[in-house]
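Data block below; observations after.
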Amino acid sequence: MAWFLIGVLLISSAVVWYWRAGTTACATCIPPAPQNAVVLTSGAVAGMDSPFFAYSPGWQVSAGGADPAEPANPFEQPAGVVTFPYTGADLYLLIAPGDYWGYLYVTVDGQPANRVPVIAGNFNSQGEAAGYTTLLAPERVPDGGGEPPPHWLLVQQGSGESAHNVRIEVWRGWGQTPLRAVAVDPPANALVELDSLAQQSSVRWPAVLVMGLGFWLAAAGGRRWLVGRKMTWRSAQRLAVPKRLAAAAPQYAAALAAGGLLLVAGSVAIGGTVPANWLLCVAGLLLLALAGLLRPALWWSALLFGLPFAFGVKLPLLPTRSFDLIDVGVWGGAVLLALHWAGAYWISGGAVPDDTFQPATRKSYTSWPLLALAAIVTWALVAAAAARYPDLALREWRVVFLNALVFGGALALSLRLAPPAATERRLLMTAWLAGGAAVSLFGLWGYATGSDFVTQAEGVRRIQAFYGSANNLALYLDRTVAVSLALVLFARKRRLLWALLALPQLPAWLLTFSKGSLLLAAPAMALVLLIGGGQLLRRQGRPLRPLWLLLGVAALAVLLLTPFGGAERFQRLFDLSEGTGFLRLQLWRSSWQMALDHLLLGVGPDNFLYVYRSSYLLPAAWQEPNLNHPHNLLLDWWTRLGLPGLLLGLAWLGSGTAAAVRRLRCGRDAALALGVLAAIAAALAHGLIDVSYALPELMIVWVLLFGVSVARCDD
């Protein structure tokens with residue numbers, strides 16, 4: 001109980017700390033007006049028309065700032081150079097970023113400025129390493145248009161009153177007057193930063209860290225208290241007797257779920273053509289809710305079926321407003337599970353079955369992946385509080401991380417509340433694979449008819465279905481195809497069902513023409529299925545014919561794709577001097593430096609785009625500025641959540657993979673466990689060059705794969 005009280009005390013203190021940080025931060029500071037200074041020393045704020053600035057030819061200089069002339073070859077030479085001396089420690093530039101492509105190189109005493117990114121191999125026009133920042137920041141343009149406000153940028157941090165010489169190269173000024181003023185050692189809180197929230201983040205994130213620590217202590221203390229009252233996780237989860245609740249109308253539960261799903265799909269399909277279509281959606285969800293009260297797995301199955309439609313489909317639950325499918329599915333399912341548990345407890349009269357407490361010799365049920373995910377969610381909240389744009393970070397924290405944790409906890413509880421768990425796992429996986437088959441059928445229909453489900457790119461027509469990109473569909477199908485193939489090849493029962501579900505997925509997956517799927521995910525998946533499948537078949541004493549069938553499917557896929565080998569998309573596949581490969585290398589260089597510069601906390605959830613575009617976008621990669629992730633699994637974890645987030649992410653992935661391996665070895669649902677391992681291999685391989693986890697539907701799938709793997713061998 002003491003730990004619980006300490007945790008509550010920490011949470012309360014952190015909440016007060018967080019609130020005070022929001023009220024005491026300097027949100028209305030007025031920047032000092034630049035002056036025509038004679039010398040630039042500590043405390044001075046100099047306008048760009050001050051006499052100590054030395055400009056290259058062509059600059060237009062006034063009290064309002066300095067604007068370089070556009071050179072004859074703007075990609076090969078800077079627009080202008082300015083040099084000046086200063087005496088002091090910290091050097092600030094008042095710059096004017098906006099919706100235009102330009103950048104600065106800054107050196108101090110011949111060395112790179114130390115508070116702006118220094119990216120390996122990124123040299124100024126003199127071939128020197130230099131501090132670097134871009135001027136591209138379209139997010140700063142006011143909603144109604146107009147000129148974005150300039151902001152102060154710390155470029156050099158030092159100590160003491162020492163003399164320095166500064167050289168600044170400005171590339172591509174576009175008549176925007178990019179340099180407005182220079183300041184040295186300004187008074188504390190005197191300079192306006194990006195926004196008031198950015199000023200608060202350095203104070204708020206430690207409060208959130210303490211708050212997270214308090215939650216963990218309170219949870220640990222609460223668990224110890226429950227153990228003392230013989231209310232362990234296992235006893236609490238089996239306290240309810242859902243069979244008695246479900247026995248009231250078992251024959252109706254599936255019918256209710258099917259009817260509800262049809263009504264929801266119908267309301268989405270008719271869209272805005274019927275004013276009251278939201279009533280159909282509400283009615284459908286109510287039917288699904290009734291089914292979920294009887295059997296929670298039916299609600300979760302509907303959610304898993306709808307996952308691949310979540311990007312392009314919203315649920316109209318009000319006359320003028322639609323809601324996210326995953327939000328409704330996760331939080332609605334959590335509420336239904338609580339009601340199901342409470343109803344079962346009430347019906348059973350609170351009686352605890354005789355077999356509630358397991359013998360001490362029996363291996364306890366643990367979920368290390370779920371604990372690791374809880375740690376990730378805690379740390380992601382800390383990183384979100386420290387982000388440049390915390391509102392965006394908190395939104396991604398909720399839809400990606402928190403939703404996944406709620407789903408994971410509810411999934412674990414649902415599987416324990418409704419034995420036999422194997423039946424529930426089979427239902428969930430069938431619904432998930434059916435969703436993959438359904439979205440594939442839409443894509444194939446679009447490919448055949450030329451509808452909006454297909455896009456034309458680099459000489460090929462690519463299936464994207466309800467996604468905004470064919471690559472996103474490929475990332476999802478990597479996982480469903482792997483599990484479907486494993487069940488078709490190695491399951492002992494229902495192989496016809498698995499084959500019917502796999503049949504549309506395979507061609508749709510190939511016709512995404514995703515390089516990551518075809519060149520990385522597919523070989524990794526096939527390798528796991530061949531090695532693991534061979535061991536499984538030998539252990540079961542079965543012939544090796546499924547392996548030959550797998551090789552035949554792979555050969556057929558290669559044969560079908562051969563005619564597209566001459567398309568533009570595959571002509572420069574391994575050319576790293578231009579095109580996608582070259583741009584990806586530049587992105588990784590920038591992301592690596594971003595990770596090093598934000599070692600502890602990263603840049604925060606959903607902040608990569610803005611930090612990359614406004615600080616780390618290399619000149620050679622200017623064609624693709626709007627990238628919201630580093631297209632690499634390791635760099636994604638690191639830049640998003642810092643080095644602790646990377647370590648926690650690896651622990652989560654490792655514990656989930658280990659659970660699938662244990663499941664495969666124990667022999668129960670071995671084909672499913674092998675499919676999970678193949679899906680993990682495909683996802684990790686594709687994640688080397690693309691997103692791997694930080695999308696709402698992909699996180700739910702990761703949790704599902706780990707959730708069906710974590711179980712005792714007798715479940």
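Naming scheme: A, B, ... for chains in displayed order of the structure tokens; residues 1 onward per chain; ligands 1 onward as shown.
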List every residue of stretch 316-471 of chain A that DSSP, applied to the backbone of this structure, assigns to strand (DSSP E), and report them as a list in words.
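Listing strand (DSSP E) positions across stretch 316-471 of chain A yields Pro316, Leu317, Leu318, Arg321, Ser322, Phe323, Asp324, Val454, Thr455, Gln456, Ala457, Val460, Arg461, Arg462 and Ile463 of chain A.
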Which polymer residues have any atom within 10 Å of an atom of A:Asp597, counting only C-alpha atoms, with same-chain residues fewer than 5 positions away left out, as a CSV table (one decimal) with all heavy atoms, in the first residue's frame?
```
chain,number,residue,atom,x,y,z
A,115,ARG,N,25.2,25.0,-32.4
A,115,ARG,CA,23.8,24.8,-32.0
A,115,ARG,C,22.9,24.6,-33.2
A,115,ARG,O,21.7,24.7,-33.0
A,115,ARG,CB,23.4,26.0,-31.1
A,115,ARG,CG,24.0,25.9,-29.7
A,115,ARG,CD,23.8,24.6,-29.0
A,115,ARG,NE,22.4,24.3,-28.9
A,115,ARG,CZ,21.6,24.6,-27.9
A,115,ARG,NH1,22.1,25.3,-26.9
A,115,ARG,NH2,20.3,24.3,-27.9
A,116,VAL,N,23.4,24.4,-34.3
A,116,VAL,CA,22.6,24.0,-35.5
A,116,VAL,C,23.2,22.7,-36.0
A,116,VAL,O,24.3,22.4,-35.8
A,116,VAL,CB,22.6,25.1,-36.6
A,116,VAL,CG1,21.6,26.3,-36.1
A,116,VAL,CG2,24.0,25.7,-36.8
A,117,PRO,N,22.4,22.0,-36.8
A,117,PRO,CA,22.9,20.6,-37.2
A,117,PRO,C,24.2,20.7,-38.0
A,117,PRO,O,24.4,21.6,-38.8
A,117,PRO,CB,21.7,20.1,-38.1
A,117,PRO,CG,20.5,20.8,-37.6
A,117,PRO,CD,21.0,22.2,-37.1
A,118,VAL,N,25.1,19.8,-37.8
A,118,VAL,CA,26.3,19.6,-38.5
A,118,VAL,C,26.2,18.2,-39.1
A,118,VAL,O,26.5,17.2,-38.4
A,118,VAL,CB,27.5,19.8,-37.6
A,118,VAL,CG1,28.8,19.7,-38.5
A,118,VAL,CG2,27.5,21.2,-37.0
A,591,SER,N,18.6,12.0,-40.9
A,591,SER,CA,17.9,11.3,-39.7
A,591,SER,C,18.9,10.9,-38.7
A,591,SER,O,18.7,11.0,-37.5
A,591,SER,CB,17.1,10.2,-40.2
A,591,SER,OG,16.1,10.6,-41.1
A,592,TRP,N,20.1,10.4,-39.1
A,592,TRP,CA,21.1,10.0,-38.2
A,592,TRP,C,21.6,11.2,-37.4
A,592,TRP,O,21.8,11.0,-36.2
A,592,TRP,CB,22.3,9.3,-39.0
A,592,TRP,CG,23.5,9.0,-38.1
A,592,TRP,CD1,24.7,9.7,-38.1
A,592,TRP,CD2,23.6,8.0,-37.2
A,592,TRP,NE1,25.5,9.1,-37.2
A,592,TRP,CE2,24.9,8.0,-36.6
A,592,TRP,CE3,22.7,7.0,-36.7
A,592,TRP,CZ2,25.4,7.2,-35.7
A,592,TRP,CZ3,23.2,6.1,-35.8
A,592,TRP,CH2,24.5,6.2,-35.2
A,602,GLY,N,14.4,12.3,-28.4
A,602,GLY,CA,14.0,12.4,-29.8
A,602,GLY,C,13.3,13.7,-30.1
A,602,GLY,O,13.4,14.7,-29.3
A,603,VAL,N,12.6,13.8,-31.2
A,603,VAL,CA,11.9,15.1,-31.6
A,603,VAL,C,10.5,15.0,-31.2
A,603,VAL,O,9.7,15.9,-31.3
A,603,VAL,CB,12.1,15.4,-33.1
A,603,VAL,CG1,13.5,15.6,-33.4
A,603,VAL,CG2,11.4,14.3,-34.0
A,639,THR,N,14.6,8.7,-33.6
A,639,THR,CA,14.2,10.1,-33.8
A,639,THR,C,12.9,10.5,-33.2
A,639,THR,O,12.7,11.6,-32.7
A,639,THR,CB,14.2,10.4,-35.3
A,639,THR,OG1,13.3,9.6,-36.0
A,639,THR,CG2,15.5,10.3,-36.0
A,642,GLY,N,13.8,9.0,-29.0
A,642,GLY,CA,15.1,9.1,-28.3
A,642,GLY,C,15.7,7.7,-28.2
A,642,GLY,O,15.0,6.6,-28.5
```
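Ranking A:Asp49, A:Asp606, A:Glu169, A:Glu128 by their shortest atom-to-atom distance to A:Asp391, with only C-alpha atoms included, puts A:Asp606 first.
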Non-local contacts of A:Trp637 (12 Å; only C-alpha atoms; under 3 positions in same chain excluded) as a count of residues only
44
What does the distance from atom CA of A:Leu307 to atom CA of A:Val701 come to in Å, to one decimal?
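So the two atoms, atom CA of A:Leu307 and atom CA of A:Val701, lie 8.7 Å apart.
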I'd like the contact shell of stretch 659-665 of chain A - 7 Å cut-off, only C-alpha atoms, skipping same-chain residues fewer than 6 positions apart - returned as a tab-separated table (two decimals) with all heavy atoms, in the first residue's frame.
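Written file, part_33.tsv:
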```tsv
chain	number	residue	atom	x	y	z
A	673	ALA	N	1.55	-19.75	-35.19
A	673	ALA	CA	2.78	-19.18	-34.63
A	673	ALA	C	3.83	-18.98	-35.72
A	673	ALA	O	4.54	-17.97	-35.73
A	673	ALA	CB	3.31	-20.08	-33.52
A	674	LEU	N	3.93	-19.94	-36.63
A	674	LEU	CA	4.88	-19.79	-37.73
A	674	LEU	C	4.49	-18.61	-38.62
A	674	LEU	O	5.35	-17.84	-39.08
A	674	LEU	CB	4.94	-21.08	-38.54
A	674	LEU	CG	5.89	-21.09	-39.74
A	674	LEU	CD1	7.31	-20.81	-39.30
A	674	LEU	CD2	5.80	-22.42	-40.49
A	676	VAL	N	2.90	-15.95	-37.65
A	676	VAL	CA	3.25	-14.73	-36.91
A	676	VAL	C	4.73	-14.42	-37.07
A	676	VAL	O	5.13	-13.26	-37.30
A	676	VAL	CB	2.88	-14.89	-35.43
A	676	VAL	CG1	3.47	-13.77	-34.59
A	676	VAL	CG2	1.36	-14.91	-35.26
A	677	LEU	N	5.58	-15.43	-36.96
A	677	LEU	CA	7.02	-15.21	-37.13
A	677	LEU	C	7.34	-14.73	-38.55
A	677	LEU	O	8.19	-13.84	-38.75
A	677	LEU	CB	7.79	-16.49	-36.83
A	677	LEU	CG	7.89	-16.87	-35.35
A	677	LEU	CD1	8.52	-18.25	-35.20
A	677	LEU	CD2	8.70	-15.83	-34.59
A	709	SER	N	0.23	-14.74	-29.56
A	709	SER	CA	1.40	-15.59	-29.34
A	709	SER	C	1.68	-15.81	-27.86
A	709	SER	O	2.24	-16.84	-27.47
A	709	SER	CB	2.65	-14.96	-29.99
A	709	SER	OG	2.46	-14.79	-31.38
A	710	VAL	N	1.32	-14.83	-27.02
A	710	VAL	CA	1.61	-14.91	-25.59
A	710	VAL	C	0.53	-15.75	-24.93
A	710	VAL	O	-0.60	-15.30	-24.74
A	710	VAL	CB	1.66	-13.51	-24.96
A	710	VAL	CG1	1.88	-13.63	-23.46
A	710	VAL	CG2	2.77	-12.69	-25.59
A	713	CYS	N	1.15	-23.08	-23.12
A	713	CYS	CA	1.03	-24.10	-24.17
A	713	CYS	C	-0.25	-24.91	-24.03
A	713	CYS	O	-0.66	-25.58	-24.98
A	713	CYS	CB	2.24	-25.03	-24.14
A	713	CYS	SG	3.74	-24.28	-24.82
```
Minimum-distance residue to A:Leu337, chosen among A:Val170, A:Leu325, A:Leu413, A:Leu371 (using only C-alpha atoms)
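Under the stated criterion, the closest residue is A:Leu413.
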From the DSSP assignment of the backbone, select every residue of stretch 556-589 of chain A that is alpha helix (DSSP H), and format the answer as a list in words.
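Alpha helix (DSSP H) assignments inside stretch 556-589 of chain A correspond to Leu556, Ala557, Val558, Leu559, Leu560, Leu561, Glu568, Arg569, Phe570, Gln571, Gly579, Thr580, Gly581, Phe582, Leu583, Arg584, Leu585, Gln586, Leu587, Trp588 and Arg589 of chain A.
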Atom pair atom CA of A:Arg425 / atom CA of A:Gly332: separation (Å)
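Atom-to-atom, atom CA of A:Arg425 and atom CA of A:Gly332 are spaced 19.8 Å apart.
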At a cut-off of 10 Å, using only C-alpha atoms, what residues contact A:Gly64? Leave out same-chain residues fewer than 5 positions from it and give the result as a list of chain:residue names.
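The filter keeps A:Pro34, A:Gly47, A:Met48, A:Asp49, A:Thr177, A:Leu179, A:Arg180, A:Ala181.
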